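Student: So I've got this file, upload_30.cif, and it contains mmCIF, C-alpha atoms:
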data_structure
#
loop_
_atom_site.label_atom_id
_atom_site.label_comp_id
_atom_site.auth_asym_id
_atom_site.auth_seq_id
_atom_site.Cartn_x
_atom_site.Cartn_y
_atom_site.Cartn_z
CA MET A 1478 0.00 0.00 0.00
CA GLY A 1479 1.52 3.28 -1.08
CA LEU A 1480 2.09 6.15 1.29
CA PHE A 1481 -0.53 8.33 -0.34
CA GLN A 1482 -3.09 5.63 -1.13
CA SER A 1483 -5.10 6.57 1.97
CA PHE A 1484 -5.52 10.06 0.47
CA ASP A 1485 -6.80 8.54 -2.77
CA ILE A 1486 -9.24 6.30 -0.91
CA SER A 1487 -10.66 9.15 1.18
CA ALA A 1488 -10.81 11.50 -1.81
CA SER A 1489 -12.65 8.93 -3.94
CA GLY A 1490 -15.15 8.45 -1.10
CA MET A 1491 -15.70 12.19 -0.82
CA THR A 1492 -16.18 12.50 -4.59
CA ALA A 1493 -18.66 9.61 -4.70
CA GLU A 1494 -20.65 10.90 -1.72
CA ARG A 1495 -20.74 14.39 -3.20
CA PHE A 1496 -22.18 12.93 -6.42
CA ARG A 1497 -24.75 11.03 -4.32
CA ILE A 1498 -25.68 14.27 -2.51
CA ASP A 1499 -26.14 16.03 -5.86
CA THR A 1500 -28.39 13.21 -7.09
CA ILE A 1501 -30.48 13.33 -3.90
CA ALA A 1502 -30.82 17.10 -4.32
CA GLU A 1503 -32.02 16.53 -7.89
CA ASN A 1504 -34.62 14.05 -6.61
CA ILE A 1505 -35.89 16.53 -4.01
CA ALA A 1506 -35.95 19.38 -6.55
CA ASN A 1507 -38.16 17.30 -8.86
CA VAL A 1508 -40.63 16.08 -6.23
CA ASN A 1509 -43.49 17.88 -8.04
CA THR A 1510 -42.36 17.39 -11.66
CA THR A 1511 -45.33 15.68 -13.30
CA ARG A 1512 -44.02 15.81 -16.87
CA THR A 1513 -40.49 15.40 -18.23
CA GLU A 1514 -39.27 15.38 -21.84
CA ASN A 1515 -40.66 11.87 -22.35
CA GLY A 1516 -44.10 12.88 -21.05
CA GLU A 1517 -43.82 10.82 -17.86
CA PRO A 1518 -43.40 12.10 -14.29
CA TYR A 1519 -39.86 12.40 -12.96
CA ARG A 1520 -38.43 9.09 -11.72
CA ARG A 1521 -36.28 8.97 -8.62
CA LYS A 1522 -32.59 8.29 -9.32
CA ILE A 1523 -30.44 5.89 -7.29
CA VAL A 1524 -26.62 5.98 -7.20
CA THR A 1525 -24.63 2.74 -6.93
CA PHE A 1526 -21.01 2.46 -5.74
CA ALA A 1527 -18.38 -0.22 -6.19
CA GLU A 1528 -14.75 -0.73 -5.27
CA LYS A 1529 -12.40 1.13 -7.59
CA ASP A 1530 -9.78 -0.90 -9.46
CA LEU A 1531 -6.28 0.52 -9.60
CA THR A 1532 -5.51 -0.38 -13.22
CA PRO A 1533 -6.59 -2.96 -15.77
CA PHE A 1534 -3.13 -4.46 -15.33
CA SER A 1535 -3.91 -5.19 -11.67
CA LYS A 1536 -6.04 -8.19 -12.62
CA TYR A 1537 -2.79 -10.06 -13.28
CA TYR A 1538 -1.68 -9.47 -9.74
CA GLN A 1539 -4.81 -10.46 -7.82
CA SER A 1540 -2.86 -12.40 -5.19
CA SER A 1541 -0.53 -9.51 -4.38
CA ARG A 1542 -3.37 -7.01 -4.58
CA ALA A 1543 -5.39 -8.99 -2.07
CA ARG A 1544 -2.85 -8.02 0.59
CA ALA A 1545 -3.66 -4.33 0.09
CA VAL A 1546 -7.44 -4.46 0.38
CA GLY A 1547 -9.29 -1.34 -0.68
CA ASN A 1548 -8.59 1.05 -3.50
CA GLY A 1549 -11.38 3.50 -2.92
CA VAL A 1550 -14.83 3.74 -4.38
CA LYS A 1551 -16.36 4.79 -7.68
CA VAL A 1552 -19.86 5.48 -8.94
CA THR A 1553 -20.84 2.54 -11.11
CA SER A 1554 -24.32 3.61 -12.13
CA VAL A 1555 -27.17 6.05 -11.72
CA LYS A 1556 -30.42 4.20 -12.29
CA GLU A 1557 -34.01 5.27 -12.27
CA ASP A 1558 -36.15 3.69 -9.55
CA THR A 1559 -38.61 1.63 -11.58
CA GLU A 1560 -39.70 -0.55 -8.66
CA THR A 1561 -41.53 2.20 -6.76
CA ASP A 1562 -44.86 3.34 -8.20
CA PHE A 1563 -45.77 6.93 -8.93
CA THR A 1564 -47.95 8.70 -6.37
CA MET A 1565 -51.52 9.29 -7.52
CA GLU A 1566 -53.34 12.39 -6.26
CA TYR A 1567 -56.79 13.64 -7.10
CA ASP A 1568 -56.54 17.11 -8.66
CA PRO A 1569 -58.89 17.50 -11.65
CA SER A 1570 -57.76 21.11 -12.23
CA HIS A 1571 -54.12 20.07 -12.84
CA PRO A 1572 -53.08 20.17 -16.53
CA ASP A 1573 -51.60 16.65 -16.28
CA ALA A 1574 -54.70 15.08 -14.72
CA ASP A 1575 -56.06 11.96 -16.41
CA GLU A 1576 -59.70 11.45 -17.41
CA ASN A 1577 -60.58 10.51 -13.79
CA GLY A 1578 -58.91 13.64 -12.37
CA TYR A 1579 -55.83 11.91 -10.95
CA VAL A 1580 -52.32 13.25 -11.40
CA ARG A 1581 -49.25 10.98 -11.35
CA TYR A 1582 -46.54 12.53 -9.19
CA PRO A 1583 -42.92 11.34 -9.03
CA ASN A 1584 -41.95 8.35 -6.89
CA VAL A 1585 -39.85 10.63 -4.68
CA ASN A 1586 -40.47 10.40 -0.94
CA THR A 1587 -39.03 13.49 0.74
CA VAL A 1588 -38.51 11.69 4.07
CA THR A 1589 -36.53 8.91 2.37
CA GLU A 1590 -34.48 11.43 0.42
CA MET A 1591 -33.69 13.48 3.54
CA THR A 1592 -32.64 10.30 5.36
CA ASN A 1593 -30.37 9.39 2.44
CA LEU A 1594 -29.02 12.95 2.43
CA ILE A 1595 -28.08 12.70 6.11
CA ASP A 1596 -26.44 9.33 5.46
CA ALA A 1597 -24.44 10.69 2.51
CA SER A 1598 -23.33 13.80 4.39
CA ARG A 1599 -22.19 11.69 7.36
CA ALA A 1600 -20.23 9.42 5.02
CA TYR A 1601 -18.67 12.51 3.43
CA GLU A 1602 -17.70 13.78 6.89
CA ALA A 1603 -16.20 10.40 7.78
CA ASN A 1604 -14.06 10.48 4.64
CA THR A 1605 -12.98 14.04 5.46
CA THR A 1606 -11.98 12.94 8.97
CA ALA A 1607 -9.99 10.00 7.58
CA PHE A 1608 -8.28 12.31 5.07
CA ASN A 1609 -7.32 14.77 7.79
CA ALA A 1610 -6.05 11.96 10.04
CA SER A 1611 -3.84 10.68 7.21
CA LYS A 1612 -2.58 14.19 6.58
CA SER A 1613 -1.71 14.60 10.27
CA MET A 1614 0.18 11.31 10.30
CA VAL A 1615 2.20 12.27 7.23
CA GLN A 1616 2.99 15.68 8.71
CA ALA A 1617 4.11 14.05 11.98
CA ALA A 1618 6.31 11.62 10.04
CA LEU A 1619 7.89 14.51 8.15
CA LYS A 1620 8.63 16.31 11.42
CA ILE A 1621 10.34 13.19 12.76
CA GLY A 1622 12.58 13.16 9.71
CA GLN A 1623 13.80 16.72 10.28
#
Just dump the structure as structure tokens.

Tutor:
Amino acid sequence: MGLFQSFDISASGMTAERFRIDTIAENIANVNTTRTENGEPYRRKIVTFAEKDLTPFSKYYQSSRARAVGNGVKVTSVKEDTETDFTMEYDPSHPDADENGYVRYPNVNTVTEMTNLIDASRAYEANTTAFNASKSMVQAALKIGQ
């Protein structure tokens, strides 16, 4: 494990969590969007993470790489939530109401999104703390060498 790999791991975590926070903010901003470009209500987006590979060449060194577990995280996908149904509300005066007066609203639950936002911000803070701890250790090591 390289001296600065801990910085890379923490930084990749902060980048991924920041992207997740941006996606959650987009979900919350579109909680009342009843029509997008495709004519459907906005669909909630979900971010997926996975372990980051160092290089394609690293697959040849799986046994040696296994000793240094963890290379950070990366965003692997942003998918629309197709499992959760749209919310139906009766509002016959709404321009997007169907023939029965019901409007399909996005499948965004503000409480769920706020919970995910707290989770993502705490994970971001944890990565920041780990980054700062690594920085302090490197600075202390440099002082020893003086």

Student: Care to translate the PyMOL selection byres ((chain A and resi 1557) around 7) into actual residues of this file, as number ranges by chain?

Tutor: A: 1520-1523, 1555-1556, 1558-1559

Student: What is the distance between CA of Thr1513 (chain A) and CA of Tyr1567 (chain A), in Å to one decimal?

Tutor: 19.8 Å

Student: Please, which residues in region 1566-1613 of chain A fall within 10 Å of region 1491-1503 of chain A when counting only C-alpha atoms, and what is the closest atom pair and distance in Å to one decimal for each, ordered by chain then residue number, as JSON lines?

Tutor:
{"residue": "A:Val1585", "atom": "CA", "partner": "A:Ile1501", "partner_atom": "CA", "distance": 9.8}
{"residue": "A:Thr1587", "atom": "CA", "partner": "A:Ile1501", "partner_atom": "CA", "distance": 9.7}
{"residue": "A:Thr1589", "atom": "CA", "partner": "A:Ile1501", "partner_atom": "CA", "distance": 9.8}
{"residue": "A:Glu1590", "atom": "CA", "partner": "A:Ile1501", "partner_atom": "CA", "distance": 6.2}
{"residue": "A:Met1591", "atom": "CA", "partner": "A:Ile1501", "partner_atom": "CA", "distance": 8.1}
{"residue": "A:Thr1592", "atom": "CA", "partner": "A:Ile1501", "partner_atom": "CA", "distance": 10.0}
{"residue": "A:Asn1593", "atom": "CA", "partner": "A:Ile1501", "partner_atom": "CA", "distance": 7.5}
{"residue": "A:Leu1594", "atom": "CA", "partner": "A:Ile1498", "partner_atom": "CA", "distance": 6.1}
{"residue": "A:Ile1595", "atom": "CA", "partner": "A:Ile1498", "partner_atom": "CA", "distance": 9.1}
{"residue": "A:Asp1596", "atom": "CA", "partner": "A:Glu1494", "partner_atom": "CA", "distance": 9.4}
{"residue": "A:Ala1597", "atom": "CA", "partner": "A:Glu1494", "partner_atom": "CA", "distance": 5.7}
{"residue": "A:Ser1598", "atom": "CA", "partner": "A:Glu1494", "partner_atom": "CA", "distance": 7.3}
{"residue": "A:Arg1599", "atom": "CA", "partner": "A:Glu1494", "partner_atom": "CA", "distance": 9.2}
{"residue": "A:Ala1600", "atom": "CA", "partner": "A:Glu1494", "partner_atom": "CA", "distance": 6.9}
{"residue": "A:Tyr1601", "atom": "CA", "partner": "A:Met1491", "partner_atom": "CA", "distance": 5.2}
{"residue": "A:Glu1602", "atom": "CA", "partner": "A:Met1491", "partner_atom": "CA", "distance": 8.1}
{"residue": "A:Ala1603", "atom": "CA", "partner": "A:Met1491", "partner_atom": "CA", "distance": 8.8}
{"residue": "A:Asn1604", "atom": "CA", "partner": "A:Met1491", "partner_atom": "CA", "distance": 6.0}
{"residue": "A:Thr1605", "atom": "CA", "partner": "A:Met1491", "partner_atom": "CA", "distance": 7.1}
{"residue": "A:Phe1608", "atom": "CA", "partner": "A:Met1491", "partner_atom": "CA", "distance": 9.5}

Student: Quick one, how far is CA of Val1550 (chain A) from CA of Ile1505 (chain A)?

Tutor: 24.6 Å

Student: Would you mind telling me which residue in A:Ala1506, A:Val1580, A:Phe1526, A:Glu1517 lies nearest to Thr1553 (chain A) when using all atoms listed in the file?

Tutor: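 Between A:Ala1506, A:Val1580, A:Phe1526, A:Glu1517, the residue approaching Thr1553 (chain A) most closely is A:Phe1526.
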
Student: What residues come out when you apply the PyMOL selection byres ((chain A and resi 1564) around 12) to this file, written as number ranges by chain?

Tutor: A: 1508-1511, 1518-1521, 1561-1563, 1565-1567, 1579-1586

Student: Between A:Glu1560, A:Asp1575, A:Asp1485, A:Glu1528, which is the closest to Ser1611 (chain A) once you count all atoms listed in the file?

Tutor: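 Among the listed residues, A:Asp1485 lies closest to Ser1611 (chain A).
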
Student: Separation of CA of Asn1609 (chain A) and CA of Asn1548 (chain A), in Å?

Tutor: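 Between CA of Asn1609 (chain A) and CA of Asn1548 (chain A) the gap works out to 17.8 Å.
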
Student: For region 1489-1496 of chain A, what centre and edge lengths in Å (one decimal) does the axis-aligned box get once 4 Å is added on each side of all its listed atoms, as JSON?

Tutor:
{"center_x": -17.4, "center_y": 11.4, "center_z": -3.6, "size_x": 17.5, "size_y": 13.9, "size_z": 13.6}

Student: Which of these, A:Ser1554, A:Asn1515, A:Ser1570, A:Thr1606, has the shortest distance to Gly1490 (chain A) once you count all atoms listed in the file?

Tutor: A:Thr1606
